[in-house]
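Reading through the structure tokens given below for one structure.
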Amino acid sequence: MTGNGRRTTRSGERLSSERLNRHRERSKYGSFIPMFNNGNFKVGFGIVLFLSHYYLANSAAEDRIPRVVTPFPAPKITDLPQFEGEHKESLYWGTYRPQVYLGIRARTPKSLIAGLMWIVVKDGRYHLRHVCKHEDNLSTYGWTKHNGRDFGHQVLVDHGMAITTGFLKSKVEGSGYGGDWAVRINVQIDKSKWNVEFGRGAQLFFYLADEAGNALNLSRKNLNVHTDSLVASGSREDIGDWQLHLKSMDDLELHYSGFHTPHFHNLSNLVEENLASQIRKHARLLLSDSSDDSPNVLVFQIIGGFSFTTDVIFISGTDSESSIVEKRASSLTGTSLSNQLKYKEQAFDEKFEKIFNLAEKVDSESISVGKAAVGNLLGGIGYFYGQSKIAVSRIYNLSEHVDYISYWPAELYTAVPCRPSFPRGFLWDEGFHQLIIWRWDIHISLDIIGHWLDLMNADGWIPREQILGAEALSRVPEEYVPQHPTNGNPPTLFLALNGIINGLKNNEFTATDKTEISLFLERAFVRLEAWFQWFNTTQSGKQMSSYYWHGRNNRTIYELSPKTLSSGFDDYPRASHPSADERHVDLRCWMLLATDCLQYIEELLDKETKPGKNYGSTAKLLSDVELLNQMHFDDAHGAYFDFGNHTEKIQLKWKEVEIGHNHTARQLVRVVLEKPVLRLVPHIGYVSLFPFMGKIIPSGSWILEKQLELISNHSLFWTGYGLRSLATTSSLYMKFNSELEGPYWRGQIWINMNYRILSALHHYSKENGPYQDRAKAIYKELRSNLIRNIVRNYQQTGFLWEQYDQNNGKGKGSHPFTGWTSLVVLIMGEEYDII
């Protein structure tokens with residue numbers, strides 16, 4: 001496998017994170033102050049290699065930047081005028097740091113950043129909350145409402161303390177670039193659950209930091225919210241002079257600390273170190289009321305009894321003559337802020353109902369869950385800047401071997417799958433995210449898609465996972481950082497683009513929006529073509545119109561079945577022995593989706609078909625059911641299968657394995673009991689349903705009947721909570737893939753695939769044919785099961801989940817997972833894209 005198998009897998013990454021968490025439970029303060037528990041860690045990432053180091057010594061023409069880290073030679077999509085001007089400024093500030101419980105920044109590489117921390121006591125230790133983590137065991141958290149632009153409402157419940165955060169942006173005359181913003185923080189207590197060790201009050205920490213290193217000015221050493229609300233000020237090139245105000249009608253105690261640091265991914269450490277020092281010196285849990293010289297981080301400790309409310313107000317452009325600072329600050333606090341937040345909340349509710357039309361389709365409890373799904377998806381949109389690490393085994397003209405080289409510095413504006421586990425960009429997740437976001441705000445959606453396509457290299461490849469910047473890097477174990485240029489990821493952005501194109505056909509956009517979408521597609525087309533061609537050349541199989549996912553490890557001795565991480569389905573069973581003879585049915589269907597979309601765009605833009613790029617004929621070839629059946633259909637099972645070098649007779653057995661010079665260890669290793677042969681791979685699961693999901697099967701075909709039988713078979717796919725990812729008859733159903741890797745796509749229920757299956761059922765329920773009524777009945781029951789189970793889990797646990805247990809329906813894996821699990825709102829609204 002390329003890159004020695006060091007691919008990111010969510011299941012594997014979670015295991016590594018758990019090991020790291022166990023290691024970091026030993027606080028660096030633990031030996032001195034038993035009551036303070038540090039939950040942060042640092043991960044080393046090796047030496048960052050800058051390409052210029054290798055090229056200065058050699059000026060030959062061939063000694064250029066390798067193609068793999070060369071940007072695609074076309075104008076950037078995000079440079080279109082529609083993404084500049086008012087649009088860009090309106091999105092400048094936002095809750096773009098999804099990895100922390102509350103994080104604000106601007107869409108610029110070196111931004112002012114703001115955030116919230118707080119303390120709870122558990123098991124006799126102080127715990128500082130800041131970064132979203134499962135081990136914090138919050139009862140619930142997430143944006144229950146967020147419009148993606150200038151408003152958000154979040155609830156965080158932590159061991160009896162409920163913290164509500166409201167976010168609001170304001171652009172008025174005199175304000176600097178991007179306008180002003182305010183955060184309302186309300187703290188309540190459930191006395192029956194609050195730890196009495198901690199006393200009768202709460203301790204919050206609100207901070208402001210300048211990534212560009214600009215000094216922040218403390219307004220005065222003795223802070224008092226009643227005498228003067230100004231707590232800090234500064235200046236930046238982008239927004240001019242600015243001020244930070246803190247106002248409250250409640251009796252609050254304030255303390256502060258100022259720090260100077262080049263590192264912003266470990267701000268919790270600075271606060272913890274300061275507090276630990278104060279405990280040692282003065283036996284008090286208070287910031288030091290001191291500051292480094294020229295601090296670029298200011299932290300304000302807010303102490304109040306239960307309950308209390310405080311408003312934090314950021315005013316930009318205070319150097320402007322027309323700026324009436326005090327008036328603007330007053331308009332973003334107190335009753336005025338309450339009214340504005342209430343108005344924005346009502347606007348969110350109205351827009352939600354207008355777009356998704358749920359009032360007549362589901363009950364009020366389901367609607368609340370739908371709003372939380374959309375709210376946290378939009379509130380989880382982040383802005384990242386940095387360089388991807390590209391794994392290479394050998395690069396010509398470099399003077400020495402390197403493990404990876406750096407992509408060019410790039411920015412990414414993207415939704416994220418899960419704030420605690422995966423607070424960064426994932427390519428195949430993003431296409432599902434955009435199925436919701438384009439319906440909510442087409443301008444935000446096009447901006448996100450444009451950012452992803454602008455990450456394309458000269459070969460048409462896009463790194464599938466984006467780990468950009470120190471904050472993102474700090475959350476990922478080193479072995480999962482490098483991206484492998486031989487490996488792809490499902491091109492799900494075509495799902496969203498197809499939906500947008502259908503919206504154009506159905507006149508769902510304004511005239512202005514139609515023009516901007518057309519301009520977007522015009523510029524994006526060359527990149528979409530290159531992306532398709534990359535797949536068509538690098539992922540093609542031996543037989544015409546066949547494809548297989550590259551990057552499987554054919555030398556592994558520890559995995560029961562070598563994973564196919566590039567497919568997105570990780571441990572889903574494929575051919576037991578990876579080879580170039582493989583044919584993967586899901587990738588073939590993704591390629592059909594891509595060709596259909598490219599053909600639609602050509603027709604929409606009235607483009608001439610280029611020689612060798614006839615997408616209509618390619619789509620016809622890939623949708624040829626007879627050819628598809630010859631390659632992938634098994635008559636005996638009535639199912640579509642992968643093809644490859646395969647045997648079912650493989651086991652994991654304990655053996656003594658040499659792990660170093662004269663050292664052995666007892667480990668589970670793969671034992672092959674039968675020689676593999678080229679054949680269809682007899683595992684029925686999500687991959688088997690891809691031709692059905694793609695609506696390739698004719699509505700009158702007996703094969704469609706077989707698909708409906710498989711889906712509704714209670715002993716194979718069907719559960720009362722959704723469809724399993726792998727049939728119970730599979731030899732790998734719910735099997736561990738290695739000693740530590742539990743089943744991931746081997747039976748659990750995943751919402752993105754259930755959504756696509758529902759979309760196909762909905763399609764066939766509308767198509768005339770002998771199986772129309774059967775498809776309608778299955779559709780109705782499956783939709784009901786999914787909604788009921790997701791809503792029940794949310795009510796019981798406070799979260800949407802990454803996956804759901806096939807036996808009892810309980811949420812499993814990462815949470816809150818408001819990435820593609822948010823598709824439940826489209827399921828509620830019966831919104832499916834016609835492909």
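Chain labels run A, B, ... following the order of the structure tokens; each chain numbers its residues from 1, and ligands are numbered from 1 in the order shown.
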
Open item on the list: Residues within 6 Å of Thr144 of chain A, please, as a count of residues only. Count only C-alpha atoms; anything in the same chain fewer than 3 positions from it doesn't count.
Closed with: 4

Counting only C-alpha atoms, which residues of segment 444-483 of chain A sit at most 10 Å from some atom of segment 266-286 of chain A, and what is each one's closest atom pair with its distance in Å to one decimal, listed by chain and rising residue number, as CSV?
residue,atom,partner,partner_atom,distance
A:Ala470,CA,A:Asn266,CA,9.2
A:Glu471,CA,A:Asn266,CA,8.0
A:Ser474,CA,A:Asn266,CA,8.4

Task: Top pick for closest residue to Arg439 of chain A, considering A:Glu831, A:Asp570, A:Glu365, A:Glu253 and counting only C-alpha atoms - done: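 Closest residue, counting only C-alpha atoms: A:Glu831.
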
Open item on the list: Could you pull out the strand (DSSP E or B) residues of segment 193-234 of chain A, going by DSSP on the backbone, and write them as a list in words?
Closed with: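 Strand (DSSP E or B) assignments inside segment 193-234 of chain A correspond to Gly201, Ala202, Gln203, Leu204, Phe205, Phe206, Tyr207, Leu208, Ala209, Asp210, Asn217, Leu218, Leu230, Val231, Ala232, Ser233 and Gly234 of chain A.
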
TODO: Using DSSP on the backbone, list every residue of segment 217-399 of chain A that comes out as helix (DSSP H, G or I), and give them as an NGL selection string.
DONE: :A and (267-282 or 325-330 or 334-356 or 364-379)

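Shortest separation to Glu465 of chain A among A:Leu605, A:Ala777, A:Ala727, A:Ile390 occurs at residue A:Ile390, atoms counted being only C-alpha atoms.
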
- [ ] Could you check which of A:Pro463, A:Gln795, A:Ile684, A:Ile834 is closest to Asn506 of chain A, using only C-alpha atoms?
- [x]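 Result for the nearest residue to Asn506 of chain A: A:Ile834.
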
Open item on the list: Quick check, in Å to one decimal: how far apart do atom CA of Tyr733 of chain A and atom CA of Gly541 of chain A lie?
Closed with: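 Interatomic distance, atom CA of Tyr733 of chain A to atom CA of Gly541 of chain A: 27.4 Å.
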
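Distances from A:Leu455, A:Leu628, A:Leu102, A:Ala530 to Gly142 of chain A were compared using only C-alpha atoms, and the smallest one belongs to A:Leu102.
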
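Closest approach to Thr729 of chain A from the set A:Gly742, A:Gly811, A:Gly685, A:Gly234 is made by A:Gly685, with distances taken over only C-alpha atoms.
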
Task: Atomic separation - atom CA of Val825 of chain A relative to atom CA of Ser366 of chain A, Å - done: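 Interatomic distance, atom CA of Ser366 of chain A to atom CA of Val825 of chain A: 8.8 Å.
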
Write out as a CSV table (one decimal) with C-alpha atoms, in the first residue's frame each polymer residue whose atoms come within 8 Å of Phe532 of chain A, counting only C-alpha atoms; drop sequence neighbours fewer than 4 positions from it.
chain,number,residue,atom,x,y,z
A,460,GLY,CA,-6.6,16.8,-10.9
A,528,LEU,CA,-14.4,19.1,-12.5
A,536,ASN,CA,-10.7,7.8,-15.0
A,591,MET,CA,-18.1,7.6,-12.0
A,594,ALA,CA,-19.7,12.4,-12.2
A,595,THR,CA,-20.3,11.9,-16.0
